[in-house]
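Engineer: Please find one structure pasted underneath; my questions will follow.
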Amino acid sequence: MNYIVFDLEWNQSPDGKKCTNKKIPFEIIEIGAVKLNEEREVTDVFHRIIRPQVYTWIHDSIRDVIHVDYKDLRDGISFPQAAREFLEWCGTDYAFCTWGNQDLTELQRNLKYYDMICLLPGPVYYYDVQKLFSWFHEHKKLRRGLEYAVDTMQIEKGQRFHRAREDAEYTAEIFRRMDRDTVMPYFSVDVFQNPRKRKEELHISYPFYDKYVSREFADKEKIMKDREVASTRCPLCHFPAKRKIRWFVNNSKSYESISLCQNHGYVKGKIRIRKTDEGAYYAVKTLKNVDEEKAEEIRNKRDSLRKKRALKLSEEKLGK
């Protein structure tokens, strides 16, 4: 199996959001990629400049960052041609690697715009090198910039940043230096092409947490009433865990809960509701074992939110 470490640069509407095409808010103008073999040795490099068709003038902020103007893109090829060449170059047995979680989504969005999404069936599994760097080199959830990671890992900076090929090469070098046994179990999944039916739902077990991606629901309110969505199981033994704190909405509009496994202690649940481009809804649930202190923190959060809502309701009644 090969690892395809890729990076994209894209343009957006130079006239602001009012002129943005909602089907393709970011138009890809450059693809850069590095191919690594199973030993994570570089075997090939890919690079294409793409001539924009949707936003034919470069947004000022984009030009300032990547130092590319429209005249630099006029000799580029069309996106459909570049995408076909890129996916053919990837081969048949590979895993994507990216710096962050946006490039793969935008690649699929651009493919969908040109009716080419069938060339990359999803959901798509990949390695988010930015997340892995944060987890295993800094032990934090904070996402760092590529140049910060390059400096931290003392990688020689012989090339510019914010160009697709160069950023892909830096990302590949960071990925090559990571401990294989540590990071390989922690693949990510991009659900731009989300599950549509129950049989397509995703149940993924990682070493210290579980993830579930539901099928689509036409009605947002029906999601939390679904038995599988609302269920809580211990990520270690996978047996049902008894609910101690029922699902409640936190400040970020996601749902949280605390359950108890008789063998492995408390389990924190988190559910995020996402909306598809077509207006349907689906849930992404994570379940993670936590200690008693964390469980009490969740309880206090719930109680605080209840008090705030009760106070707001009381004030609204008095206002009437």
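Ordering of the structure tokens sets the chain letters (A, B, ...), residue numbers begin anew at 1 in every chain, and ligands are numbered from 1 in the order given.
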Could you pull the residues within 9 Å of Val124 (chain A), counting only C-alpha atoms, minus those fewer than 3 positions along the same chain, as a PDB file with N, CA, C and O atoms, in the first residue's frame?

Structural biologist:
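Output below, filename around27.pdb:
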```
ATOM      1  N   PHE A  96      -4.820   8.263   1.832  1.00  0.00           N
ATOM      2  CA  PHE A  96      -4.508   9.692   1.759  1.00  0.00           C
ATOM      3  C   PHE A  96      -3.934  10.179   3.092  1.00  0.00           C
ATOM      4  O   PHE A  96      -4.292   9.682   4.165  1.00  0.00           O
ATOM      5  N   LEU A 104      -9.373  17.265   1.820  1.00  0.00           N
ATOM      6  CA  LEU A 104     -10.092  16.123   1.261  1.00  0.00           C
ATOM      7  C   LEU A 104     -11.559  16.464   1.002  1.00  0.00           C
ATOM      8  O   LEU A 104     -12.140  16.050  -0.004  1.00  0.00           O
ATOM      9  N   LEU A 120     -14.127   9.026  -6.726  1.00  0.00           N
ATOM     10  CA  LEU A 120     -13.593   8.915  -5.374  1.00  0.00           C
ATOM     11  C   LEU A 120     -14.745   8.586  -4.419  1.00  0.00           C
ATOM     12  O   LEU A 120     -15.238   9.449  -3.696  1.00  0.00           O
ATOM     13  N   PRO A 121     -15.197   7.333  -4.412  1.00  0.00           N
ATOM     14  CA  PRO A 121     -16.325   6.958  -3.549  1.00  0.00           C
ATOM     15  C   PRO A 121     -15.994   7.186  -2.074  1.00  0.00           C
ATOM     16  O   PRO A 121     -14.850   7.037  -1.642  1.00  0.00           O
ATOM     17  N   SER A 188      -8.456   8.882  10.162  1.00  0.00           N
ATOM     18  CA  SER A 188      -9.653   9.710  10.204  1.00  0.00           C
ATOM     19  C   SER A 188     -10.583   9.282   9.069  1.00  0.00           C
ATOM     20  O   SER A 188     -10.182   8.561   8.152  1.00  0.00           O
ATOM     21  N   VAL A 189     -11.820   9.739   9.136  1.00  0.00           N
ATOM     22  CA  VAL A 189     -12.771   9.439   8.070  1.00  0.00           C
ATOM     23  C   VAL A 189     -13.472  10.730   7.672  1.00  0.00           C
ATOM     24  O   VAL A 189     -13.979  11.455   8.521  1.00  0.00           O
ATOM     25  N   ASP A 190     -13.449  11.034   6.385  1.00  0.00           N
ATOM     26  CA  ASP A 190     -14.131  12.212   5.858  1.00  0.00           C
ATOM     27  C   ASP A 190     -15.522  11.788   5.407  1.00  0.00           C
ATOM     28  O   ASP A 190     -15.671  10.881   4.583  1.00  0.00           O
ATOM     29  N   VAL A 191     -16.541  12.456   5.955  1.00  0.00           N
ATOM     30  CA  VAL A 191     -17.918  12.052   5.663  1.00  0.00           C
ATOM     31  C   VAL A 191     -18.650  13.087   4.805  1.00  0.00           C
ATOM     32  O   VAL A 191     -19.861  13.270   4.930  1.00  0.00           O
ATOM     33  N   PHE A 192     -17.900  13.771   3.936  1.00  0.00           N
ATOM     34  CA  PHE A 192     -18.569  14.621   2.945  1.00  0.00           C
ATOM     35  C   PHE A 192     -19.572  13.777   2.159  1.00  0.00           C
ATOM     36  O   PHE A 192     -20.678  14.228   1.842  1.00  0.00           O
ATOM     37  N   GLN A 193     -19.178  12.547   1.838  1.00  0.00           N
ATOM     38  CA  GLN A 193     -20.103  11.572   1.263  1.00  0.00           C
ATOM     39  C   GLN A 193     -20.586  10.700   2.426  1.00  0.00           C
ATOM     40  O   GLN A 193     -20.058   9.623   2.670  1.00  0.00           O
TER      41      GLN A 193
END
```

Engineer: Env of Gly32 (chain A): 10 Å cut, atoms = only C-alpha atoms, seq-sep filter 4 positions within chain, self excluded. Answer as a PyMOL selection string.

Structural biologist: chain A and resi 5-9+45-49+86+163-169

Engineer: Just give me the gap between CA of Asp210 (chain A) and CA of Lys285 (chain A) in Å, one decimal is fine.

Structural biologist: 8.1 Å

Engineer: To one decimal place, how far is CA of Leu142 (chain A) from CA of Val129 (chain A) in Å?

Structural biologist: 13.0 Å

Engineer: How many Å lie between CA of Thr20 (chain A) and CA of Leu73 (chain A), rounded to one decimal?

Structural biologist: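 Here the two named atoms are 20.1 Å from each other.
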
Engineer: Considering only C-alpha atoms, can you say which of A:Tyr282, A:Ala310, A:Phe133, A:Ala82 comes closest to Arg198 (chain A)?

Structural biologist: A:Tyr282

Engineer: Just checking: using only C-alpha atoms, which residue out of A:Glu316, A:Thr152, A:Trp89, A:Arg51 ends up closest to Lys71 (chain A)?

Structural biologist: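 The closest residue to Lys71 (chain A) is A:Arg51.
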
Engineer: Could you name the residues that touch region 234-248 of chain A at 12 Å or less, counting only C-alpha atoms, but leaving out those on the same chain fewer than 3 positions away, as a VMD selection string?

Structural biologist: chain A and resid 203 to 212 224 to 225 228 to 231 251 to 272 285 to 290 292 295 to 306

Engineer: DSSP on the backbone, helix (DSSP H, G or I) only: what residues of region 147-261 of chain A does that give? Format it as number ranges by chain.

Structural biologist: A: 147-152, 164-177, 180-183, 198-200, 220-225, 227-230

Engineer: Can I get the selected residues back with C-alpha atoms, as a PDB file, in the first residue's frame?

Structural biologist:
```
ATOM      1  CA  GLU A 147       5.567  25.777   9.555  1.00  0.00           C
ATOM      2  CA  TYR A 148       5.312  25.469  13.347  1.00  0.00           C
ATOM      3  CA  ALA A 149       5.451  21.667  13.045  1.00  0.00           C
ATOM      4  CA  VAL A 150       8.403  21.865  10.643  1.00  0.00           C
ATOM      5  CA  ASP A 151      10.302  24.020  13.134  1.00  0.00           C
ATOM      6  CA  THR A 152       9.352  21.812  16.081  1.00  0.00           C
ATOM      7  CA  ALA A 164       0.768  22.748  -2.943  1.00  0.00           C
ATOM      8  CA  ARG A 165       3.834  20.701  -3.874  1.00  0.00           C
ATOM      9  CA  GLU A 166       6.087  22.219  -1.214  1.00  0.00           C
ATOM     10  CA  ASP A 167       3.493  21.886   1.557  1.00  0.00           C
ATOM     11  CA  ALA A 168       2.860  18.264   0.531  1.00  0.00           C
ATOM     12  CA  GLU A 169       6.589  17.563   0.762  1.00  0.00           C
ATOM     13  CA  TYR A 170       6.824  19.138   4.232  1.00  0.00           C
ATOM     14  CA  THR A 171       3.761  17.174   5.373  1.00  0.00           C
ATOM     15  CA  ALA A 172       5.246  13.951   4.004  1.00  0.00           C
ATOM     16  CA  GLU A 173       8.473  14.520   5.936  1.00  0.00           C
ATOM     17  CA  ILE A 174       6.543  15.096   9.161  1.00  0.00           C
ATOM     18  CA  PHE A 175       4.511  11.932   8.544  1.00  0.00           C
ATOM     19  CA  ARG A 176       7.688   9.943   7.802  1.00  0.00           C
ATOM     20  CA  ARG A 177       9.178  10.930  11.166  1.00  0.00           C
ATOM     21  CA  ARG A 180       4.383   3.999  12.820  1.00  0.00           C
ATOM     22  CA  ASP A 181       2.953   1.835  15.611  1.00  0.00           C
ATOM     23  CA  THR A 182       1.717   4.900  17.492  1.00  0.00           C
ATOM     24  CA  VAL A 183      -0.092   6.787  14.726  1.00  0.00           C
ATOM     25  CA  ARG A 198     -28.701   2.136   8.020  1.00  0.00           C
ATOM     26  CA  LYS A 199     -26.548  -0.581   6.474  1.00  0.00           C
ATOM     27  CA  GLU A 200     -23.994   2.094   5.474  1.00  0.00           C
ATOM     28  CA  LYS A 220     -33.342  16.964  12.611  1.00  0.00           C
ATOM     29  CA  GLU A 221     -35.593  16.388  15.641  1.00  0.00           C
ATOM     30  CA  LYS A 222     -35.825  12.648  14.919  1.00  0.00           C
ATOM     31  CA  ILE A 223     -32.088  12.030  15.237  1.00  0.00           C
ATOM     32  CA  MET A 224     -31.850  11.984  19.038  1.00  0.00           C
ATOM     33  CA  LYS A 225     -34.940   9.754  19.225  1.00  0.00           C
ATOM     34  CA  ARG A 227     -32.138   4.133  19.468  1.00  0.00           C
ATOM     35  CA  GLU A 228     -28.726   3.594  17.871  1.00  0.00           C
ATOM     36  CA  VAL A 229     -27.843   7.289  17.886  1.00  0.00           C
ATOM     37  CA  ALA A 230     -28.746   7.689  21.562  1.00  0.00           C
TER      38      ALA A 230
END
```

Engineer: Tell me, which residues of region 55-240 of chain A carry DSSP strand (DSSP E), written as a list in words?

Structural biologist: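 Filtering region 55-240 of chain A down to strand (DSSP E) leaves Tyr94, Ala95, Phe96, Cys97, Thr98, Val124, Tyr125, Tyr126, Tyr127, Asp128, Ser188, Val189, Asp190, Leu202, His203, Ile204, Ser205, Tyr209, Asp210, Lys211, Tyr212 and Val213 of chain A.
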
Engineer: Within 9 Å of Gln53 (chain A), counting only C-alpha atoms, which residues qualify if same-chain residues fewer than 2 places away don't, as a ChimeraX atom specification?

Structural biologist: /A:27,51,55-56,78-79

Engineer: Give me a file of those residues, with N, CA, C and O atoms, as a short mmCIF file (atom, residue, chain, number, x, y, z; two decimals), in the first residue's frame.

Structural biologist:
```
data_model
loop_
_atom_site.label_atom_id
_atom_site.label_comp_id
_atom_site.auth_asym_id
_atom_site.auth_seq_id
_atom_site.Cartn_x
_atom_site.Cartn_y
_atom_site.Cartn_z
N GLU A 27 -12.51 27.04 -5.16
CA GLU A 27 -12.15 26.39 -6.43
C GLU A 27 -10.67 26.03 -6.42
O GLU A 27 -9.81 26.91 -6.28
N ARG A 51 -6.33 25.85 -14.27
CA ARG A 51 -6.90 27.09 -14.79
C ARG A 51 -8.33 27.24 -14.25
O ARG A 51 -9.19 26.42 -14.51
N TYR A 55 -14.17 31.12 -10.53
CA TYR A 55 -13.69 32.42 -10.06
C TYR A 55 -12.46 32.78 -10.89
O TYR A 55 -11.34 32.33 -10.60
N THR A 56 -12.66 33.55 -11.92
CA THR A 56 -11.60 33.77 -12.90
C THR A 56 -10.66 34.92 -12.53
O THR A 56 -9.82 35.31 -13.34
N SER A 78 -7.48 22.10 -17.05
CA SER A 78 -8.79 22.13 -16.41
C SER A 78 -8.79 21.24 -15.17
O SER A 78 -8.02 20.29 -15.05
N PHE A 79 -9.70 21.54 -14.24
CA PHE A 79 -9.79 20.69 -13.06
C PHE A 79 -10.13 19.25 -13.40
O PHE A 79 -9.52 18.31 -12.85
#
```

Engineer: Which residue, A:Ala83, A:Leu132, A:Leu146, A:Val284, has the smallest gap to Ser214 (chain A) when you use only C-alpha atoms?

Structural biologist: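 Of all the options, A:Val284 lies closest to Ser214 (chain A).
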